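Peer 1: As input, take upload00.txt (compact mmCIF, C-alpha atoms and all ligand atoms):
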```
# COMPACT_ATOMS: atom_id res chain seq x y z
CA MET B 1 21.46 51.06 38.48
CA VAL B 2 18.40 53.23 38.06
CA PRO B 3 15.36 51.36 36.65
CA ALA B 4 15.68 52.97 33.20
CA ALA B 5 19.30 51.79 32.94
CA ARG B 6 18.14 48.25 33.63
CA TYR B 7 15.79 48.53 30.65
CA ALA B 8 18.70 49.75 28.53
CA ALA B 9 20.71 46.70 29.63
CA ALA B 10 17.76 44.41 28.82
CA ILE B 11 17.65 45.95 25.32
CA GLU B 12 21.31 44.94 24.78
CA VAL B 13 20.67 41.42 26.03
CA LEU B 14 17.56 41.06 23.87
CA ASP B 15 19.51 42.13 20.79
CA ARG B 16 21.97 39.32 21.48
CA ILE B 17 19.11 36.85 21.93
CA THR B 18 17.55 38.02 18.65
CA ALA B 19 20.92 37.38 17.01
CA GLY B 20 20.78 33.77 18.25
CA ALA B 21 22.45 33.78 21.69
CA ARG B 22 20.75 31.65 24.34
CA ALA B 23 19.12 33.80 27.01
CA PRO B 24 21.14 32.48 30.00
CA ILE B 25 24.38 32.95 28.06
CA ALA B 26 23.44 36.43 26.87
CA LEU B 27 22.54 37.44 30.43
CA ARG B 28 25.70 35.90 31.87
CA ASP B 29 27.91 37.60 29.27
CA TRP B 30 26.27 40.95 29.90
CA GLY B 31 26.93 40.55 33.64
CA ARG B 32 30.59 39.64 33.02
CA SER B 33 31.22 42.70 30.91
CA ASN B 34 29.33 45.02 33.29
CA ARG B 35 30.77 44.10 36.67
CA PHE B 36 29.38 47.25 38.30
CA ALA B 37 25.88 45.70 38.16
CA GLY B 38 24.89 44.10 41.46
CA SER B 39 22.90 40.90 41.87
CA GLY B 40 19.66 42.87 42.27
CA ASP B 41 20.33 44.64 38.97
CA ARG B 42 21.11 41.40 37.17
CA ARG B 43 17.93 39.78 38.52
CA ALA B 44 15.82 42.78 37.46
CA ILE B 45 17.36 42.73 33.97
CA GLY B 46 16.68 39.00 33.76
CA ASP B 47 13.06 39.60 34.74
CA ILE B 48 12.60 42.21 32.00
CA VAL B 49 14.23 39.92 29.43
CA HIS B 50 11.98 37.01 30.42
CA ASP B 51 8.87 39.19 30.39
CA VAL B 52 9.75 40.22 26.85
CA LEU B 53 10.34 36.59 25.86
CA ARG B 54 6.86 35.75 27.18
CA HIS B 55 5.48 38.57 24.98
CA TRP B 56 7.93 37.98 22.13
CA TRP B 57 5.65 38.69 19.18
CA SER B 58 3.11 41.06 20.75
CA SER B 59 5.85 43.24 22.24
CA ALA B 60 7.46 43.62 18.80
CA GLN B 61 4.07 44.62 17.39
CA ALA B 62 3.33 47.11 20.18
CA GLY B 63 6.85 48.58 19.95
CA GLY B 64 6.91 48.68 16.16
CA ALA B 65 10.17 46.76 15.69
CA GLU B 66 11.66 43.29 16.12
CA THR B 67 14.60 44.69 18.08
CA GLY B 68 15.44 44.79 21.77
CA ARG B 69 14.44 48.44 21.84
CA GLY B 70 11.17 47.81 20.01
CA ARG B 71 10.28 44.88 22.24
CA VAL B 72 11.03 46.71 25.48
CA LEU B 73 8.96 49.66 24.28
CA GLY B 74 6.17 47.25 23.38
CA LEU B 75 6.35 45.46 26.71
CA LEU B 76 6.01 48.75 28.58
CA ARG B 77 2.91 49.60 26.55
CA LEU B 78 1.41 46.15 27.02
CA THR B 79 1.94 46.37 30.77
CA ASP B 80 0.64 49.93 31.07
CA VAL B 81 3.96 51.55 31.98
CA ASP B 82 4.44 54.99 30.40
CA PRO B 83 7.44 54.53 28.04
CA GLU B 84 8.38 58.20 28.44
CA THR B 85 9.42 57.38 32.03
CA VAL B 86 11.98 54.87 30.72
CA PHE B 87 13.07 56.26 27.35
CA THR B 88 14.40 59.49 28.87
CA GLY B 89 17.90 59.58 27.36
CA VAL B 90 19.20 60.64 30.78
CA GLY B 91 22.36 58.92 32.02
CA HIS B 92 22.28 55.25 30.99
CA ALA B 93 18.57 55.25 30.10
CA PRO B 94 17.46 54.35 26.55
CA ALA B 95 17.38 57.28 24.10
CA VAL B 96 14.17 59.31 23.88
CA LEU B 97 11.48 58.02 21.53
CA ASP B 98 11.38 59.40 18.03
CA GLU B 99 8.20 60.40 16.21
CA ALA B 100 7.64 57.00 14.61
CA GLU B 101 8.06 55.22 17.95
CA ARG B 102 5.42 57.43 19.55
CA ASP B 103 2.76 55.76 17.36
CA PHE B 104 1.01 52.99 19.25
CA PRO B 105 0.48 50.04 16.87
CA VAL B 106 -2.15 47.42 17.65
CA ALA B 107 -0.78 44.19 19.10
CA ASP B 108 -2.84 41.07 18.50
CA ALA B 109 -0.21 38.32 18.36
CA SER B 110 -0.93 35.32 20.56
CA ASP B 111 2.74 34.93 21.58
CA VAL B 112 3.06 31.35 20.45
CA PRO B 113 4.80 30.29 17.22
CA ASP B 114 2.55 30.69 14.14
CA PHE B 115 2.62 26.98 13.32
CA VAL B 116 1.62 26.07 16.90
CA GLU B 117 -1.32 28.45 17.23
CA PRO B 118 -3.79 26.39 15.14
CA MET B 119 -2.91 23.27 17.14
CA LEU B 120 -3.68 25.04 20.43
CA ARG B 121 -6.83 26.66 19.04
CA ALA B 122 -8.15 23.30 17.85
CA ARG B 123 -7.30 21.56 21.14
CA PHE B 124 -8.48 24.21 23.60
CA SER B 125 -11.20 25.99 21.53
CA GLU B 126 -13.08 28.32 23.86
CA ASP B 127 -10.28 28.24 26.47
CA PHE B 128 -7.68 29.36 23.92
CA SER B 129 -7.63 33.09 24.78
CA ASN B 130 -7.47 32.52 28.52
CA LEU B 131 -4.78 29.91 28.01
CA ILE B 132 -2.68 32.29 25.93
CA ASP B 133 -3.01 34.96 28.62
CA ALA B 134 -1.97 32.47 31.30
CA MET B 135 1.03 31.41 29.21
CA ARG B 136 2.24 35.03 29.12
CA SER B 137 2.24 35.39 32.89
CA ARG B 138 5.09 34.51 35.23
CA ALA B 139 5.07 30.97 36.62
CA PRO B 140 4.33 30.49 40.32
CA LEU B 141 6.97 29.26 42.76
CA ASP B 142 5.93 25.82 43.94
CA LEU B 143 7.46 23.43 46.42
CA ARG B 144 7.03 19.73 47.02
CA ALA B 145 6.89 18.25 50.49
CA ASN B 146 9.28 15.29 50.55
CA LEU B 147 7.06 12.59 52.04
CA LEU B 148 10.07 10.69 53.36
CA LYS B 149 10.79 13.57 55.71
CA ALA B 150 7.58 15.57 56.09
CA ASP B 151 3.99 15.67 54.95
CA ARG B 152 2.62 18.91 53.59
CA ASP B 153 1.48 20.23 56.99
CA GLN B 154 4.87 19.56 58.54
CA ALA B 155 6.68 21.15 55.60
CA ARG B 156 4.42 24.23 55.82
CA ALA B 157 5.15 24.52 59.55
CA ALA B 158 8.92 24.16 58.99
CA LEU B 159 8.86 26.91 56.36
CA ALA B 160 6.78 29.13 58.65
CA ALA B 161 9.47 28.72 61.32
CA ASP B 162 11.83 30.37 58.81
CA GLY B 163 9.30 33.16 58.24
CA ILE B 164 8.16 31.81 54.85
CA ASP B 165 4.40 31.59 54.38
CA VAL B 166 3.20 29.11 51.80
CA GLU B 167 -0.22 27.94 50.67
CA ASP B 168 -1.52 24.51 49.71
CA VAL B 169 -2.02 23.90 45.99
CA ALA B 170 -4.99 21.70 45.12
CA LEU B 171 -3.22 19.98 42.20
CA SER B 172 -1.25 17.63 44.47
CA THR B 173 -1.31 16.65 48.13
CA THR B 174 2.41 17.44 48.31
CA ALA B 175 2.29 20.87 46.62
CA LEU B 176 2.82 24.22 48.31
CA ARG B 177 3.00 27.66 46.70
CA ALA B 178 5.43 30.32 47.90
CA PRO B 179 5.46 34.03 47.16
CA THR B 180 7.03 34.42 43.70
CA GLY B 181 10.70 35.29 43.84
CA ASP B 182 11.11 34.44 47.52
CA ARG B 183 14.84 33.72 47.55
CA ARG B 184 14.90 32.75 51.23
CA ILE B 185 13.56 29.29 50.38
CA VAL B 186 16.84 27.81 49.19
CA ARG B 187 18.50 29.06 52.38
CA SER B 188 15.75 27.80 54.70
CA ALA B 189 16.29 24.85 57.03
CA ALA B 190 13.27 23.10 55.48
CA TYR B 191 14.98 23.17 52.09
CA LEU B 192 18.51 22.41 53.25
CA ASP B 193 17.29 19.49 55.37
CA GLY B 194 15.40 18.00 52.40
CA LEU B 195 11.85 18.55 53.72
CA VAL B 196 10.94 20.46 50.56
CA GLU B 197 12.15 20.61 46.95
CA LEU B 198 11.40 23.21 44.32
CA GLN B 199 8.92 21.65 41.90
CA ASP B 200 5.96 22.81 39.89
CA ALA B 201 2.62 21.52 41.23
CA SER B 202 1.61 19.88 37.90
CA SER B 203 4.85 17.92 37.85
CA GLN B 204 3.88 16.61 41.27
CA ALA B 205 0.36 15.82 40.08
CA VAL B 206 1.77 13.68 37.27
CA VAL B 207 3.76 11.62 39.78
CA ASP B 208 0.59 11.25 41.90
CA PHE B 209 -1.21 10.08 38.76
CA ALA B 210 1.31 7.21 38.39
CA GLN B 211 0.40 5.90 41.87
CA PRO B 212 3.84 4.54 42.79
CA LYS B 213 3.43 1.97 45.54
CA ARG B 214 5.65 0.64 48.28
CA GLY B 215 7.56 -2.45 47.13
CA GLU B 216 7.05 -1.88 43.40
CA ARG B 217 9.95 -2.14 40.95
CA ILE B 218 10.12 1.33 39.40
CA LEU B 219 12.18 2.65 36.49
CA ASP B 220 12.37 6.32 35.54
CA TYR B 221 13.42 5.94 31.90
CA CYS B 222 13.99 9.65 31.09
CA THR B 223 15.41 10.79 34.40
CA GLY B 224 17.23 13.99 33.41
CA ALA B 225 17.70 16.09 36.53
CA GLY B 226 15.46 13.72 38.52
CA GLY B 227 12.33 15.82 38.93
CA LYS B 228 10.18 12.68 38.73
CA ALA B 229 12.61 10.09 40.13
CA LEU B 230 12.88 11.86 43.50
CA PRO B 231 9.12 12.04 44.22
CA LEU B 232 8.60 8.54 42.79
CA ALA B 233 11.13 7.22 45.31
CA ALA B 234 9.62 9.27 48.12
CA ARG B 235 6.09 8.01 47.37
CA ALA B 236 7.22 4.41 46.97
CA ALA B 237 9.47 4.68 50.05
CA GLY B 238 12.01 2.52 48.25
CA PRO B 239 14.74 2.62 45.62
CA VAL B 240 14.04 3.71 42.06
CA ASP B 241 16.10 2.77 39.01
CA VAL B 242 17.08 5.73 36.87
CA HIS B 243 18.19 5.98 33.24
CA ASP B 244 18.76 8.65 30.64
CA ILE B 245 20.07 8.46 27.09
CA ALA B 246 22.36 11.31 28.12
CA PRO B 247 23.66 10.16 31.52
CA ALA B 248 25.46 13.48 32.07
CA ARG B 249 22.02 15.03 32.64
CA MET B 250 21.79 12.96 35.85
CA ARG B 251 25.10 14.24 37.25
CA ASP B 252 23.54 16.28 40.10
CA LEU B 253 21.27 13.45 41.17
CA PRO B 254 23.48 11.83 43.83
CA GLU B 255 23.59 15.08 45.78
CA ARG B 256 19.85 15.71 45.40
CA ALA B 257 19.04 12.12 46.34
CA ALA B 258 21.22 12.32 49.45
CA ARG B 259 19.50 15.53 50.59
CA ALA B 260 16.08 13.95 49.97
CA GLY B 261 17.05 10.70 51.69
CA VAL B 262 16.13 8.51 48.70
CA THR B 263 18.02 5.75 46.90
CA LEU B 264 18.38 5.98 43.11
CA ARG B 265 20.27 3.36 41.10
CA ALA B 266 21.60 4.53 37.74
CA LEU B 267 21.43 1.98 34.91
CA SER B 268 22.93 2.22 31.44
CA THR B 269 20.78 1.46 28.39
CA ASP B 270 22.55 -1.91 27.99
CA ALA B 271 21.82 -2.82 31.61
CA LEU B 272 18.06 -2.46 31.03
CA ALA B 273 17.86 -5.25 28.47
CA GLY B 274 15.85 -8.26 29.60
CA LYS B 275 14.75 -6.66 32.90
CA HIS B 276 11.21 -5.70 33.89
CA TRP B 277 9.58 -3.13 36.15
CA ASP B 278 6.07 -2.80 37.57
CA LEU B 279 6.07 0.90 36.76
CA VAL B 280 8.07 2.46 33.96
CA PHE B 281 7.82 6.23 33.98
CA ALA B 282 8.68 7.96 30.69
CA ASP B 283 8.90 11.73 31.07
CA ALA B 284 9.63 12.14 27.39
CA PRO B 285 11.53 14.95 25.68
CA CYS B 286 8.99 17.41 24.28
CA SER B 287 8.36 20.91 22.96
CA GLY B 288 8.06 22.15 26.55
CA SER B 289 4.97 24.13 25.51
CA GLY B 290 3.36 23.49 28.90
CA SER B 291 6.19 25.30 30.64
CA TRP B 292 6.75 28.18 28.23
CA ARG B 293 5.88 30.73 30.91
CA ARG B 294 8.71 29.30 33.03
CA ASP B 295 11.08 28.87 30.08
CA PRO B 296 9.77 31.37 27.51
CA GLU B 297 12.83 31.07 25.30
CA GLY B 298 11.58 27.58 24.40
CA LYS B 299 8.77 29.04 22.32
CA ILE B 300 10.91 31.37 20.27
CA ARG B 301 13.30 28.53 19.44
CA LEU B 302 10.68 25.89 18.52
CA THR B 303 10.49 25.17 14.78
CA PRO B 304 8.44 22.63 12.81
CA GLN B 305 11.66 20.61 12.46
CA SER B 306 12.50 20.65 16.18
CA LEU B 307 8.92 19.63 16.97
CA ALA B 308 9.21 16.75 14.47
CA ASP B 309 12.50 15.75 16.14
CA VAL B 310 10.98 15.53 19.62
CA GLN B 311 8.01 13.59 18.24
CA SER B 312 10.42 11.09 16.78
CA ALA B 313 12.21 10.86 20.16
CA GLN B 314 8.82 10.28 21.82
CA THR B 315 8.18 7.36 19.47
CA ASP B 316 11.60 5.93 20.36
CA VAL B 317 10.96 6.33 24.08
CA LEU B 318 7.55 4.64 23.97
CA ASP B 319 8.89 1.76 21.89
CA ALA B 320 11.93 1.31 24.11
CA CYS B 321 9.89 1.38 27.33
CA ALA B 322 7.18 -1.09 26.30
CA PRO B 323 9.37 -4.24 26.58
CA LEU B 324 10.62 -3.11 30.01
CA VAL B 325 7.18 -3.28 31.63
CA ALA B 326 6.40 -6.46 33.56
CA PRO B 327 3.17 -8.32 32.68
CA GLY B 328 0.33 -6.50 34.43
CA GLY B 329 2.57 -3.47 34.90
CA ARG B 330 2.08 0.06 33.66
CA LEU B 331 3.86 2.53 31.48
CA ILE B 332 3.26 6.16 32.36
CA TYR B 333 4.00 8.36 29.36
CA ALA B 334 4.27 12.03 30.29
CA THR B 335 5.17 15.30 28.59
CA CYS B 336 5.13 18.93 29.65
CA SER B 337 3.49 19.75 26.34
CA LEU B 338 0.07 21.08 25.45
CA LEU B 339 0.15 19.78 21.88
CA PRO B 340 -2.01 16.76 20.98
CA ALA B 341 0.64 15.63 18.48
CA GLU B 342 2.96 14.93 21.42
CA ASN B 343 0.26 13.65 23.75
CA GLU B 344 -3.02 11.96 22.80
CA GLU B 345 -1.89 11.39 19.20
CA ALA B 346 1.49 9.97 20.23
CA VAL B 347 -0.28 7.53 22.54
CA ALA B 348 -2.86 6.59 19.89
CA ALA B 349 -0.06 5.88 17.40
CA PHE B 350 1.76 3.73 19.98
CA LEU B 351 -1.40 1.69 20.62
CA LEU B 352 -1.89 1.19 16.88
CA ARG B 353 1.61 -0.15 16.29
CA THR B 354 2.02 -2.16 19.52
CA SER B 355 -0.19 -5.05 20.48
CA GLY B 356 -1.03 -6.05 24.06
CA TRP B 357 -1.45 -2.53 25.42
CA LYS B 358 -4.44 -0.49 26.46
CA LEU B 359 -4.90 3.08 27.61
CA LEU B 360 -6.50 3.10 31.03
CA ARG B 361 -6.79 6.87 31.45
CA ASN B 362 -4.97 10.08 30.93
CA VAL B 363 -4.68 13.51 32.51
CA SER B 364 -4.18 16.83 30.77
CA LEU B 365 -3.26 19.94 32.76
CA THR B 366 -2.72 23.48 31.47
CA PRO B 367 -1.55 26.69 33.11
CA LEU B 368 -5.28 27.41 33.58
CA ASP B 369 -5.21 24.68 36.24
CA GLY B 370 -2.63 26.71 38.13
CA GLY B 371 0.62 24.88 37.36
CA ASP B 372 2.57 24.08 34.22
CA GLY B 373 0.92 22.26 31.35
CA PHE B 374 1.39 18.50 31.63
CA PHE B 375 -0.01 15.40 30.01
CA ALA B 376 0.22 11.84 31.27
CA ALA B 377 -1.20 8.57 29.99
CA TRP B 378 -1.53 5.36 31.98
CA LEU B 379 -0.81 2.49 29.59
CA GLU B 380 -1.41 -0.99 30.85
CA HIS B 381 0.35 -4.10 29.70
CA ALA B 382 -2.11 -6.94 29.28
C1 LIG M 401 11.66 16.05 29.83
S1 LIG M 401 13.30 15.60 30.11
C2 LIG M 401 13.20 14.73 31.63
C3 LIG M 401 12.99 15.60 32.82
C4 LIG M 401 13.13 14.88 34.11
N1 LIG M 401 12.32 13.69 34.19
C5 LIG M 401 12.81 15.80 35.29
O1 LIG M 401 11.67 15.77 35.76
O2 LIG M 401 13.71 16.50 35.72
C6 LIG M 401 13.54 14.32 28.98
C7 LIG M 401 14.82 13.51 29.17
O3 LIG M 401 14.74 12.41 28.27
C8 LIG M 401 16.02 12.13 27.82
N2 LIG M 401 15.88 11.38 26.57
C9 LIG M 401 15.68 11.82 25.33
N3 LIG M 401 15.56 10.81 24.45
C10 LIG M 401 15.67 9.69 25.18
C11 LIG M 401 15.67 8.31 24.86
N4 LIG M 401 15.47 7.87 23.59
N5 LIG M 401 15.83 7.43 25.85
C12 LIG M 401 16.01 7.86 27.13
N6 LIG M 401 16.04 9.15 27.50
C13 LIG M 401 15.87 10.05 26.53
C14 LIG M 401 16.71 13.46 27.68
O4 LIG M 401 18.12 13.31 27.77
C15 LIG M 401 16.10 14.25 28.84
O5 LIG M 401 16.94 14.23 29.97
```
Represent the structure from my file as structure tokens, please.

Peer 2:
Amino acid sequence: MVPAARYAAAIEVLDRITAGARAPIALRDWGRSNRFAGSGDRRAIGDIVHDVLRHWWSSAQAGGAETGRGRVLGLLRLTDVDPETVFTGVGHAPAVLDEAERDFPVADASDVPDFVEPMLRARFSEDFSNLIDAMRSRAPLDLRANLLKADRDQARAALAADGIDVEDVALSTTALRAPTGDRRIVRSAAYLDGLVELQDASSQAVVDFAQPKRGERILDYCTGAGGKALPLAARAAGPVDVHDIAPARMRDLPERAARAGVTLRALSTDALAGKHWDLVFADAPCSGSGSWRRDPEGKIRLTPQSLADVQSAQTDVLDACAPLVAPGGRLIYATCSLLPAENEEAVAAFLLRTSGWKLLRNVSLTPLDGGDGFFAAWLEHA
């Protein structure tokens, strides 16, 4: 496909997303009904769609319409690509621009939901504009050295042997950054042999923050796909208990654990009762606002109601985890959110309603620190 035809395809996909289809489904369906498109085409279309999602509101302003066509036009303007080179009407390219579309409206939207913007402005004050810019950019491609098999230097050397050059990331002693979009990583020996995993550097930093130690009893209460359980087990060099309210989310874990060489023991909610752990890690469900550049659809789907729903789940998680922490143990509450309502305020409310706990310290990372946005609080059980 010529580049302009890819933009035309992205317009179709974006119209489906605007009508309510989830981005991965809309992209998959487009691919199924356009079998002539190769994998390179589908990737390029996906990149355009995700760039538009990152600029969801400003692209509509700059393109003059809340349609796929308007947003693609707006994205081109915002990224200094001459729209006349895309909207040519030749072959499968989008139709030529009409008079009204040739006007260049001002775009000043911050590309976060209206109800979220004041929360971010209040929290990040003078950093707000830079933060918003960072949230519109593509996320970096980070790797984690699996300490059970290699430290960061050894992992870097193994990747170099496969011709992949990576750089250290200061956020975590296990973090490496690869060239964005380098698809050789998942085929490299370092990856296949479990020396490295794909993981954002801030996610790694949050596990570092928890200081898992050899011999500790550790429970990952919100395990999901295991992004925290695997490095917790690698750092502790021992088994980690895993749990999720939706156990199906952990279905790929056995394979990932085997590749990483770690032992994870899945426990049902009933099996937790009456047991205690030195470290309970709660990577709570959240708005995902810290990772909107990686998953930009999250921001266009967030509503005041869905935010209230995750806040309620965060309350449940904190309250359920507290009795599972052994005396003298710690509860690490983490979110990949930038919103105080899910972070500092959620922790303050927990401390108000639960006696015997104190906040030792917390960490707050944003995309301005180089990785995803993350928050973690170290809560100690007296
Ligand atoms: C942010 S995700 C976890 C991501 C995971 N730790 C990772 O790094 O891949 C939150 C998880 O919490 C789970 N969850 C939601 N409410 C829960 C609850 N009340 N108790 C336990 N898990 C819950 C969800 O099913 C989801 O898998």

Peer 1: Measuring between all atoms listed in the file, which one of B:Ala21, B:Cys336, B:Leu198, B:Val325 shows the shortest distance to ligand LIG 401 (chain M)?

Peer 2: B:Cys336

Peer 1: One number please: atom CA of Glu380 of chain B to atom CA of Ala233 of chain B, in Å, one decimal.

Peer 2: 20.8 Å

Peer 1: Identify, counting all atoms listed in the file, the protein, DNA and RNA residues located within 8 Å of ligand LIG 401 (chain M), and give them as a ChimeraX atom specification.

Peer 2: /B:203,220-229,243-247,249-250,282-286,288,313-314,316-317,320,335-336

Peer 1: Just to confirm, what's the straight-line distance from atom CA of Asp162 of chain B to atom CA of Ser188 of chain B in Å (one decimal)?

Peer 2: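 Computing it gives 6.2 Å between the two atoms.
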
Peer 1: Could you name the residues that touch segment 24-37 of chain B at 10 Å or less, counting all atoms listed in the file, but leaving out those on the same chain fewer than 3 positions away, as JSON, numbers by chain?

Peer 2: {"B": [1, 6, 9, 10, 12, 13, 14, 15, 16, 17, 20, 21, 40, 41, 42, 43, 45, 46, 49, 297]}

Peer 1: Pick out the residues sitting within 6 Å of Ser289 of chain B, and hand them over as an NGL selection string; count all atoms listed in the file, and ignore anything fewer than 3 positions along from it in its own chain.

Peer 2: :B and (292 or 337-338)

Peer 1: What gap, in Å, lies between atom CA of Val310 of chain B and atom CA of Leu379 of chain B?

Peer 2: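 Taking atom CA of Val310 of chain B as the start and atom CA of Leu379 of chain B as the end point, the length is 20.2 Å.
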
Peer 1: Skip segment 114-116 of chain B itself and residues of its chain fewer than 3 positions away, then list as a ChimeraX atom specification all residues within 9 Å of it, counting all atoms listed in the file.

Peer 2: /B:110-111,119-121,303-304,339

Peer 1: Find the residues near segment 125-129 of chain B: any atom within 12 Å, counting all atoms listed in the file, skip ones fewer than 6 places away on the same chain, and give them as an mmCIF file with C-alpha atoms, in the coordinates of the input.

Peer 2:
```cif
data_model
loop_
_atom_site.group_PDB
_atom_site.id
_atom_site.type_symbol
_atom_site.label_atom_id
_atom_site.label_comp_id
_atom_site.auth_asym_id
_atom_site.auth_seq_id
_atom_site.Cartn_x
_atom_site.Cartn_y
_atom_site.Cartn_z
ATOM 1 C CA ASP B 108 -2.840 41.070 18.500
ATOM 2 C CA ALA B 109 -0.210 38.320 18.360
ATOM 3 C CA SER B 110 -0.930 35.320 20.560
ATOM 4 C CA ASP B 111 2.740 34.930 21.580
ATOM 5 C CA VAL B 112 3.060 31.350 20.450
ATOM 6 C CA GLU B 117 -1.320 28.450 17.230
ATOM 7 C CA PRO B 118 -3.790 26.390 15.140
ATOM 8 C CA MET B 119 -2.910 23.270 17.140
ATOM 9 C CA MET B 135 1.030 31.410 29.210
ATOM 10 C CA ARG B 136 2.240 35.030 29.120
ATOM 11 C CA LEU B 338 0.070 21.080 25.450
ATOM 12 C CA THR B 366 -2.720 23.480 31.470
ATOM 13 C CA PRO B 367 -1.550 26.690 33.110
ATOM 14 C CA LEU B 368 -5.280 27.410 33.580
ATOM 15 C CA ASP B 369 -5.210 24.680 36.240
#
```

Peer 1: Please list as a list in words every residue within 8 Å of Trp56 of chain B, counting all atoms listed in the file and excluding residues in the same chain fewer than 2 positions away.

Peer 2: Val52, Leu53, Arg54, Ser58, Ser59, Ala60, Arg71, Asp111 and Ile300 of chain B

Peer 1: Just checking: using all atoms listed in the file, which residue out of B:Pro231, B:Gly181, B:Gly163, B:Gly63 ends up closest to Asp142 of chain B?

Peer 2: B:Gly181

Peer 1: Rebuild segment 208-220 of chain B so that it carries N, CA and C atoms, then output the result as a short mmCIF file (atom, residue, chain, number, x, y, z; two decimals), in the coordinates of the input.

Peer 2:
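The resulting file, result.cif, is reproduced below:
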```
data_model
loop_
_atom_site.label_atom_id
_atom_site.label_comp_id
_atom_site.auth_asym_id
_atom_site.auth_seq_id
_atom_site.Cartn_x
_atom_site.Cartn_y
_atom_site.Cartn_z
N ASP B 208 1.75 11.80 41.16
CA ASP B 208 0.59 11.25 41.90
C ASP B 208 -0.22 10.33 40.99
N PHE B 209 -0.40 10.81 39.75
CA PHE B 209 -1.21 10.08 38.76
C PHE B 209 -0.66 8.66 38.55
N ALA B 210 0.68 8.52 38.63
CA ALA B 210 1.31 7.21 38.39
C ALA B 210 1.10 6.23 39.54
N GLN B 211 0.67 6.73 40.69
CA GLN B 211 0.40 5.90 41.87
C GLN B 211 1.53 4.93 42.22
N PRO B 212 2.75 5.44 42.39
CA PRO B 212 3.84 4.54 42.79
C PRO B 212 3.55 3.93 44.16
N LYS B 213 3.79 2.64 44.27
CA LYS B 213 3.43 1.97 45.54
C LYS B 213 4.67 1.36 46.18
N ARG B 214 4.58 1.26 47.49
CA ARG B 214 5.65 0.64 48.28
C ARG B 214 5.93 -0.77 47.74
N GLY B 215 7.18 -1.09 47.54
CA GLY B 215 7.56 -2.45 47.13
C GLY B 215 7.55 -2.66 45.62
N GLU B 216 7.06 -1.70 44.86
CA GLU B 216 7.05 -1.88 43.40
C GLU B 216 8.45 -1.69 42.83
N ARG B 217 8.71 -2.38 41.71
CA ARG B 217 9.95 -2.14 40.95
C ARG B 217 9.64 -0.97 40.01
N ILE B 218 10.42 0.10 40.16
CA ILE B 218 10.12 1.33 39.40
C ILE B 218 11.35 1.76 38.61
N LEU B 219 11.11 2.11 37.35
CA LEU B 219 12.18 2.65 36.49
C LEU B 219 11.73 4.03 35.97
N ASP B 220 12.58 5.02 36.19
CA ASP B 220 12.37 6.32 35.54
C ASP B 220 13.27 6.32 34.30
#
```
